[in-house]
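Participant: Pasting upload05.txt here (compact mmCIF, C-alpha atoms):
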```
# COMPACT_ATOMS: atom_id res chain seq x y z
CA MET A 1 103.74 -85.07 -147.62
CA ARG A 2 107.45 -84.88 -146.81
CA ARG A 3 108.31 -87.44 -149.45
CA ALA A 4 105.35 -87.03 -151.82
CA VAL A 5 105.53 -83.26 -152.30
CA PHE A 6 108.99 -82.18 -151.12
CA ARG A 7 110.66 -85.41 -152.31
CA LEU A 8 112.70 -85.82 -149.15
CA ALA A 9 113.84 -89.19 -147.95
CA LEU A 10 112.15 -90.81 -144.97
CA ARG A 11 115.50 -90.72 -143.19
CA GLN A 12 115.33 -86.94 -142.59
CA LYS A 13 115.09 -87.35 -138.80
CA GLY A 14 117.17 -84.25 -138.11
CA LEU A 15 114.95 -82.03 -140.25
CA ILE A 16 111.71 -83.29 -138.72
CA GLY A 17 113.18 -83.08 -135.23
CA SER A 18 114.10 -79.44 -135.82
CA ILE A 19 110.61 -78.64 -137.09
CA LEU A 20 109.00 -80.28 -134.06
CA GLN A 21 111.34 -78.32 -131.80
CA LEU A 22 110.39 -75.04 -133.49
CA LEU A 23 106.73 -75.92 -133.03
CA GLY A 24 107.31 -76.64 -129.35
CA LEU A 25 106.14 -80.25 -129.66
CA ASP A 26 107.68 -82.97 -127.54
CA LEU A 27 107.24 -85.85 -129.99
CA ALA A 28 109.50 -88.69 -131.00
CA VAL A 29 110.62 -88.79 -134.62
CA PRO A 30 110.07 -92.25 -136.16
CA ASP A 31 112.91 -93.77 -138.14
CA HIS A 32 112.84 -94.92 -141.76
CA SER A 33 111.97 -98.54 -140.96
CA THR A 34 109.07 -97.56 -138.71
CA LEU A 35 107.58 -95.24 -141.35
CA SER A 36 107.92 -97.92 -144.03
CA ARG A 37 106.18 -100.54 -141.90
CA ARG A 38 103.36 -98.17 -140.96
CA ALA A 39 102.71 -97.50 -144.63
CA GLU A 40 101.43 -101.07 -144.94
CA THR A 41 98.39 -100.35 -142.76
CA LEU A 42 98.10 -96.55 -142.74
CA GLU A 43 94.56 -95.32 -143.37
CA VAL A 44 94.59 -92.09 -145.36
CA PRO A 45 91.45 -89.91 -145.14
CA LYS A 46 89.14 -90.38 -148.11
CA PRO A 47 88.61 -87.41 -150.44
CA CYS A 48 85.78 -85.22 -149.18
CA PRO A 49 83.29 -84.06 -151.82
CA GLY A 50 83.92 -80.42 -152.67
CA SER A 51 81.02 -79.96 -155.07
CA ARG A 52 77.34 -80.03 -154.26
CA GLY A 53 74.94 -82.11 -156.25
CA PRO A 54 75.62 -84.92 -158.73
CA VAL A 55 79.21 -85.46 -159.85
CA HIS A 56 80.47 -85.34 -163.42
CA LEU A 57 83.30 -87.89 -163.15
CA LEU A 58 86.22 -87.74 -165.58
CA VAL A 59 88.21 -90.98 -165.78
CA ASP A 60 91.63 -91.72 -167.24
CA SER A 61 94.85 -93.56 -166.46
CA THR A 62 98.59 -92.98 -166.60
CA GLY A 63 101.78 -94.92 -166.05
CA LEU A 64 104.09 -94.54 -163.06
CA ARG A 65 107.54 -96.11 -163.11
CA LEU A 66 108.90 -98.08 -160.18
CA CYS A 67 112.00 -96.52 -158.68
CA GLY A 68 114.66 -99.09 -157.96
CA PRO A 69 118.34 -99.89 -158.45
CA GLY A 70 118.22 -99.08 -162.17
CA GLU A 71 120.28 -95.88 -162.07
CA TRP A 72 122.82 -97.43 -159.70
CA LEU A 73 123.31 -100.46 -161.95
CA VAL A 74 123.90 -98.28 -165.00
CA GLU A 75 126.44 -96.08 -163.19
CA LYS A 76 128.25 -98.89 -161.38
CA HIS A 77 128.23 -101.75 -163.85
CA GLY A 78 127.16 -100.22 -167.13
CA THR A 79 124.18 -102.59 -167.35
CA ARG A 80 120.58 -101.65 -167.82
CA ARG A 81 117.62 -103.31 -166.15
CA ARG A 82 114.20 -103.30 -167.72
CA ARG A 83 112.07 -100.74 -165.94
CA SER A 84 108.78 -101.93 -164.41
CA TRP A 85 105.81 -99.66 -163.95
CA ARG A 86 102.30 -99.47 -162.57
CA LYS A 87 99.11 -97.92 -163.90
CA LEU A 88 97.24 -95.27 -161.94
CA HIS A 89 93.50 -94.93 -162.64
CA ILE A 90 91.82 -91.76 -161.39
CA GLY A 91 88.37 -90.21 -161.31
CA VAL A 92 88.27 -86.40 -161.25
CA ASP A 93 85.34 -84.16 -160.31
CA ALA A 94 84.77 -81.94 -163.36
CA GLU A 95 83.33 -79.19 -161.16
CA THR A 96 86.13 -78.85 -158.61
CA GLY A 97 89.10 -80.62 -160.21
CA GLU A 98 89.52 -82.83 -157.14
CA ILE A 99 90.59 -86.44 -157.47
CA ARG A 100 87.60 -88.29 -156.05
CA ALA A 101 88.75 -91.86 -156.72
CA SER A 102 92.00 -93.68 -157.51
CA GLU A 103 93.19 -97.22 -158.14
CA LEU A 104 96.74 -98.52 -158.62
CA THR A 105 97.12 -101.65 -160.75
CA THR A 106 99.72 -103.52 -162.75
CA SER A 107 100.54 -102.24 -166.22
CA ASN A 108 98.54 -104.88 -168.09
CA VAL A 109 95.16 -104.08 -166.50
CA ASP A 110 92.50 -102.74 -168.87
CA ASP A 111 91.19 -99.25 -168.15
CA GLY A 112 87.57 -100.33 -168.45
CA SER A 113 87.92 -102.97 -165.74
CA GLN A 114 88.69 -100.27 -163.16
CA VAL A 115 85.52 -98.23 -163.68
CA GLU A 116 83.61 -100.20 -161.06
CA PRO A 117 86.32 -99.87 -158.36
CA LEU A 118 86.40 -96.13 -159.06
CA LEU A 119 82.61 -95.83 -158.86
CA ASP A 120 82.63 -97.72 -155.55
CA GLN A 121 84.58 -94.79 -154.07
CA ILE A 122 82.00 -92.19 -155.17
CA THR A 123 79.42 -91.60 -152.46
CA ALA A 124 77.57 -88.74 -154.16
CA PRO A 125 75.06 -89.21 -157.00
CA LEU A 126 76.68 -89.49 -160.41
CA ALA A 127 75.52 -87.20 -163.22
CA SER A 128 77.85 -88.51 -165.90
CA LEU A 129 80.99 -90.52 -166.54
CA ILE A 130 83.30 -89.16 -169.22
CA GLY A 131 86.24 -91.09 -170.67
CA ASP A 132 88.20 -91.53 -173.86
CA GLY A 133 87.87 -94.26 -176.47
CA ALA A 134 89.51 -96.85 -174.22
CA TYR A 135 86.23 -96.95 -172.26
CA ASP A 136 84.10 -97.70 -175.31
CA GLN A 137 82.96 -101.08 -174.00
CA ALA A 138 79.51 -102.53 -173.49
CA GLY A 139 80.43 -103.48 -169.93
CA ILE A 140 81.11 -99.84 -169.03
CA TYR A 141 77.53 -98.81 -169.79
CA ASP A 142 76.21 -101.75 -167.77
CA THR A 143 78.49 -100.97 -164.81
CA VAL A 144 77.46 -97.32 -164.67
CA ALA A 145 73.78 -98.23 -165.03
CA LYS A 146 74.08 -100.69 -162.14
CA HIS A 147 75.52 -98.07 -159.79
CA HIS A 148 73.77 -94.95 -161.09
CA PRO A 149 70.87 -95.72 -163.47
CA GLU A 150 70.27 -92.04 -164.32
CA ALA A 151 73.89 -91.21 -165.13
CA ASP A 152 75.07 -90.43 -168.64
CA VAL A 153 78.03 -92.26 -170.17
CA ILE A 154 79.92 -89.94 -172.49
CA VAL A 155 82.51 -92.00 -174.35
CA PRO A 156 83.37 -91.55 -178.05
CA PRO A 157 82.43 -94.65 -180.05
CA ARG A 158 85.14 -96.13 -182.23
CA SER A 159 85.26 -95.13 -185.88
CA THR A 160 84.18 -98.68 -186.82
CA ALA A 161 81.28 -98.76 -184.33
CA VAL A 162 77.84 -99.80 -185.56
CA PRO A 163 74.42 -99.31 -183.91
CA SER A 164 72.91 -102.12 -181.87
CA ASP A 165 70.06 -104.30 -183.11
CA MET A 166 67.59 -102.30 -180.98
CA ALA A 167 68.77 -98.89 -182.20
CA GLU A 168 65.51 -98.17 -184.05
CA SER A 169 63.12 -99.08 -181.24
CA THR A 170 64.99 -98.62 -177.94
CA PRO A 171 68.36 -97.00 -178.65
CA THR A 172 71.08 -97.22 -176.04
CA GLN A 173 73.22 -94.28 -174.97
CA ARG A 174 75.90 -95.50 -177.35
CA ASP A 175 73.38 -95.63 -180.20
CA LEU A 176 72.40 -92.02 -179.46
CA HIS A 177 76.05 -91.01 -179.58
CA LEU A 178 76.42 -92.70 -182.96
CA GLN A 179 73.31 -90.96 -184.26
CA SER A 180 74.53 -87.57 -183.10
CA ILE A 181 77.95 -88.11 -184.68
CA ALA A 182 76.34 -89.20 -187.95
CA GLU A 183 74.09 -86.12 -188.03
CA HIS A 184 76.40 -83.39 -186.71
CA GLY A 185 79.95 -84.75 -186.93
CA ARG A 186 82.34 -85.89 -184.22
CA ILE A 187 83.61 -82.42 -183.27
CA SER A 188 80.09 -81.10 -182.84
CA TRP A 189 79.16 -84.18 -180.82
CA GLN A 190 82.06 -83.50 -178.42
CA LYS A 191 80.76 -79.99 -177.72
CA ARG A 192 77.10 -81.02 -177.49
CA SER A 193 77.71 -83.96 -175.16
CA GLY A 194 80.19 -82.24 -172.86
CA TYR A 195 83.03 -84.58 -173.82
CA THR A 196 85.41 -81.60 -174.10
CA ARG A 197 85.55 -81.47 -170.29
CA ARG A 198 87.71 -84.58 -170.42
CA ALA A 199 90.70 -82.28 -170.93
CA LEU A 200 90.46 -81.52 -167.19
CA VAL A 201 91.50 -85.05 -166.22
CA GLU A 202 94.55 -84.80 -168.51
CA ALA A 203 95.44 -81.52 -166.78
CA THR A 204 95.09 -83.27 -163.41
CA ILE A 205 97.45 -86.05 -164.48
CA SER A 206 99.95 -83.43 -165.66
CA ARG A 207 99.67 -81.65 -162.31
CA PHE A 208 100.16 -84.94 -160.47
CA LYS A 209 103.39 -85.69 -162.32
CA ARG A 210 104.75 -82.15 -162.02
CA VAL A 211 104.08 -81.91 -158.27
CA ILE A 212 104.40 -85.53 -157.10
CA GLY A 213 106.55 -87.03 -159.86
CA ASN A 214 106.21 -89.85 -162.37
CA GLY A 215 107.50 -92.66 -160.19
CA LEU A 216 106.71 -94.74 -157.10
CA ARG A 217 109.36 -95.07 -154.40
CA SER A 218 107.78 -97.75 -152.21
CA ARG A 219 108.81 -101.38 -152.66
CA THR A 220 105.57 -103.29 -151.97
CA ASP A 221 102.10 -102.96 -153.48
CA ARG A 222 100.42 -102.07 -150.18
CA ARG A 223 102.94 -99.33 -149.50
CA ARG A 224 102.56 -98.04 -153.05
CA ALA A 225 98.81 -97.83 -152.58
CA THR A 226 99.40 -95.78 -149.43
CA GLU A 227 101.88 -93.60 -151.31
CA ILE A 228 99.23 -92.86 -153.96
CA ALA A 229 96.55 -92.16 -151.36
CA ILE A 230 98.84 -89.64 -149.62
CA ALA A 231 99.70 -87.98 -152.93
CA VAL A 232 96.01 -87.66 -153.86
CA HIS A 233 95.19 -86.24 -150.44
CA ASP A 234 98.00 -83.67 -150.68
CA LEU A 235 96.99 -82.55 -154.19
CA ASN A 236 93.37 -82.12 -153.12
CA CYS A 237 94.49 -80.09 -150.10
CA MET A 238 96.57 -77.82 -152.33
CA LEU A 239 93.64 -77.37 -154.69
CA GLY A 240 91.42 -76.49 -151.74
CA LEU A 241 93.76 -73.66 -150.78
CA GLY A 242 93.24 -71.99 -154.14
CA GLY A 243 93.44 -72.55 -157.86
CA PRO A 244 93.24 -70.70 -161.15
CA LYS A 245 89.92 -69.55 -162.48
CA SER A 246 89.62 -69.62 -166.23
CA VAL A 247 87.43 -67.09 -168.03
CA ARG A 248 86.61 -67.29 -171.70
CA ILE A 249 87.38 -64.08 -173.59
CA THR A 250 85.35 -63.53 -176.73
```
Please go through the file and, once you have read it, give me the structure as structure tokens.
Facilitator:
Amino acid sequence: MRRAVFRLALRQKGLIGSILQLLGLDLAVPDHSTLSRRAETLEVPKPCPGSRGPVHLLVDSTGLRLCGPGEWLVEKHGTRRRRSWRKLHIGVDAETGEIRASELTTSNVDDGSQVEPLLDQITAPLASLIGDGAYDQAGIYDTVAKHHPEADVIVPPRSTAVPSDMAESTPTQRDLHLQSIAEHGRISWQKRSGYTRRALVEATISRFKRVIGNGLRSRTDRRRATEIAIAVHDLNCMLGLGGPKSVRIT
């Protein structure tokens, strides 16, 4: 939390030593190298389900830049180095706003390929999976059906999408979405299907970047994964302490 939330360097031994002294704890303060090495194997507690019953999972992804010597090179030598970045995939509980699943990948990984790793982290029954048009893939429906056969997949079909060959006899969920859009329009379909709740995952990503930041400070992939796990744990703890309650005024 010291680095993830307060954005302090791991070398703040004096600060942590003072805090431990105020708390009356006789504990040794690990140095920067020790903390970095421990991040390779640190096991962060998994998110605990805050909602009861089946989960409505909202999925999305965002980019996180890799912090490195870029700023120093520009200031010292006037040269610019191409910035690398990673992609963070998250699954948010629509009921509580908690991040229930997360995966960190390279920037060229397709969003749809990470649905299964996200679902593997969900222990509760799944009521629905909601994502944007990037998840409009046949494999997504199959993956969700394999893990949770009764779950709904609420993904907007592309504008060029056509019904399947079995749409008349045994329509798929995607066929039903296409039928609803054709009969009532896309905006009406979003309200009827519950797709509008997807805005909550965008709000979560915004909260992540405002509180944690839009970059990764660790230098190896395993340490970056630990950094993300700590950030997710801290955000969920903050949300558990209290959050805004929205009320529609008509």
Participant: When you look at Thr123 of chain A with a cut-off of 12 Å (counting only C-alpha atoms), what residues show up, excluding the ones that are within fewer than 2 positions of it in the same chain? I need them as a PDB file with C-alpha atoms, in the frame of the given file.
Facilitator:
```pdb
ATOM      1  CA  LYS A  46      89.140 -90.380-148.110  1.00  0.00           C
ATOM      2  CA  PRO A  47      88.610 -87.410-150.440  1.00  0.00           C
ATOM      3  CA  CYS A  48      85.780 -85.220-149.180  1.00  0.00           C
ATOM      4  CA  PRO A  49      83.290 -84.060-151.820  1.00  0.00           C
ATOM      5  CA  ARG A  52      77.340 -80.030-154.260  1.00  0.00           C
ATOM      6  CA  GLY A  53      74.940 -82.110-156.250  1.00  0.00           C
ATOM      7  CA  PRO A  54      75.620 -84.920-158.730  1.00  0.00           C
ATOM      8  CA  VAL A  55      79.210 -85.460-159.850  1.00  0.00           C
ATOM      9  CA  LEU A  57      83.300 -87.890-163.150  1.00  0.00           C
ATOM     10  CA  ARG A 100      87.600 -88.290-156.050  1.00  0.00           C
ATOM     11  CA  ALA A 101      88.750 -91.860-156.720  1.00  0.00           C
ATOM     12  CA  LEU A 118      86.400 -96.130-159.060  1.00  0.00           C
ATOM     13  CA  LEU A 119      82.610 -95.830-158.860  1.00  0.00           C
ATOM     14  CA  ASP A 120      82.630 -97.720-155.550  1.00  0.00           C
ATOM     15  CA  GLN A 121      84.580 -94.790-154.070  1.00  0.00           C
ATOM     16  CA  PRO A 125      75.060 -89.210-157.000  1.00  0.00           C
ATOM     17  CA  LEU A 126      76.680 -89.490-160.410  1.00  0.00           C
ATOM     18  CA  HIS A 147      75.520 -98.070-159.790  1.00  0.00           C
ATOM     19  CA  HIS A 148      73.770 -94.950-161.090  1.00  0.00           C
TER      20      HIS A 148
END
```
Participant: Atom CA of Gly213 of chain A and atom CA of Ala94 of chain A are how many Å apart?
Facilitator: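 Distance reported for this atom pair: 22.6 Å.
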Participant: Find the residues around Gly215 of chain A up to 7 Å (all atoms listed in the file counted), leave out those fewer than 4 positions away in its own chain, and share them as a PyMOL selection string.
Facilitator: chain A and resi 64-67
Participant: How many Å lie between atom CA of Ala167 of chain A and atom CA of Tyr141 of chain A, rounded to one decimal?
Facilitator: 15.2 Å
Participant: With distances taken over only C-alpha atoms, which of A:Arg248, A:Arg210, A:His56, A:Lys191 is nearest to Ala151 of chain A?
Facilitator: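 Using only C-alpha atoms, Ala151 of chain A sits closest to A:His56.
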Participant: To one decimal place in Å, what is the distance between atom CA of Ile212 of chain A and atom CA of Pro30 of chain A?
Facilitator: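 Value for the atom CA of Ile212 of chain A-atom CA of Pro30 of chain A distance: 22.7 Å.
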Participant: Considering all atoms listed in the file, return as a list in words whatever protein or nucleic-acid residues lie within 9 Å of Ile230 of chain A, sequence-local ones (same chain, fewer than 2 positions apart) excluded.
Facilitator: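 Residues near the query, excluding close chain neighbours: Met1, Ala4, Val44, Pro45, Ala225, Thr226, Glu227, Ile228, Val232, His233, Asp234 and Leu235 of chain A.
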Participant: Considering only C-alpha atoms, state which residue in the set A:Asp93, A:Glu183, A:Asp152, A:Asp110 is at the smallest distance from Val59 of chain A.
Facilitator: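 Ranked by minimum distance to Val59 of chain A, first place goes to A:Asp93.
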Participant: Fewer than 3 positions away in the same chain doesn't count, so skip those; otherwise give me all residues within 12 Å of Gly242 of chain A, counting all atoms listed in the file, as a ChimeraX atom specification.
Facilitator: /A:96-98,235-239,245
Participant: Pick out the closest residue to Gly91 of chain A from this set: A:Asp132, A:Asp60, A:Glu150, A:Asp111. Count all atoms listed in the file.
Facilitator: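 Smallest separation from Gly91 of chain A among the options: A:Asp60.
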Participant: For His89 of chain A, which of A:Glu40, A:Glu202, A:Glu168, A:Asp26 is the closest residue, counting all atoms listed in the file?
Facilitator: A:Glu202
Participant: Pick out the closest residue to Pro156 of chain A from this set: A:Val29, A:Ile187, A:Leu200, A:Ile90. Count all atoms listed in the file.
Facilitator: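 Comparing A:Val29, A:Ile187, A:Leu200, A:Ile90 against Pro156 of chain A, the winner is A:Ile187.
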Participant: For Pro157 of chain A, which residue among A:Ala124, A:Thr170, A:Gly133, A:Asp142 is the nearest when counting only C-alpha atoms?
Facilitator: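 The shortest atom-to-atom distance to Pro157 of chain A comes from A:Gly133.
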Participant: Just give me the residues with any atom within 8 Å of (98.7, -88.2, -161.2), file coordinates, counting all atoms listed in the file, written as an mmCIF file with C-alpha atoms, keeping the file's coordinate frame.
Facilitator:
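Written out: selection18.cif:
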```cif
data_model
loop_
_atom_site.group_PDB
_atom_site.id
_atom_site.type_symbol
_atom_site.label_atom_id
_atom_site.label_comp_id
_atom_site.auth_asym_id
_atom_site.auth_seq_id
_atom_site.Cartn_x
_atom_site.Cartn_y
_atom_site.Cartn_z
ATOM 1 C CA THR A 62 98.590 -92.980 -166.600
ATOM 2 C CA LEU A 88 97.240 -95.270 -161.940
ATOM 3 C CA ILE A 90 91.820 -91.760 -161.390
ATOM 4 C CA THR A 204 95.090 -83.270 -163.410
ATOM 5 C CA ILE A 205 97.450 -86.050 -164.480
ATOM 6 C CA SER A 206 99.950 -83.430 -165.660
ATOM 7 C CA ARG A 207 99.670 -81.650 -162.310
ATOM 8 C CA PHE A 208 100.160 -84.940 -160.470
ATOM 9 C CA LYS A 209 103.390 -85.690 -162.320
ATOM 10 C CA ILE A 212 104.400 -85.530 -157.100
ATOM 11 C CA ASN A 214 106.210 -89.850 -162.370
ATOM 12 C CA VAL A 232 96.010 -87.660 -153.860
#
```
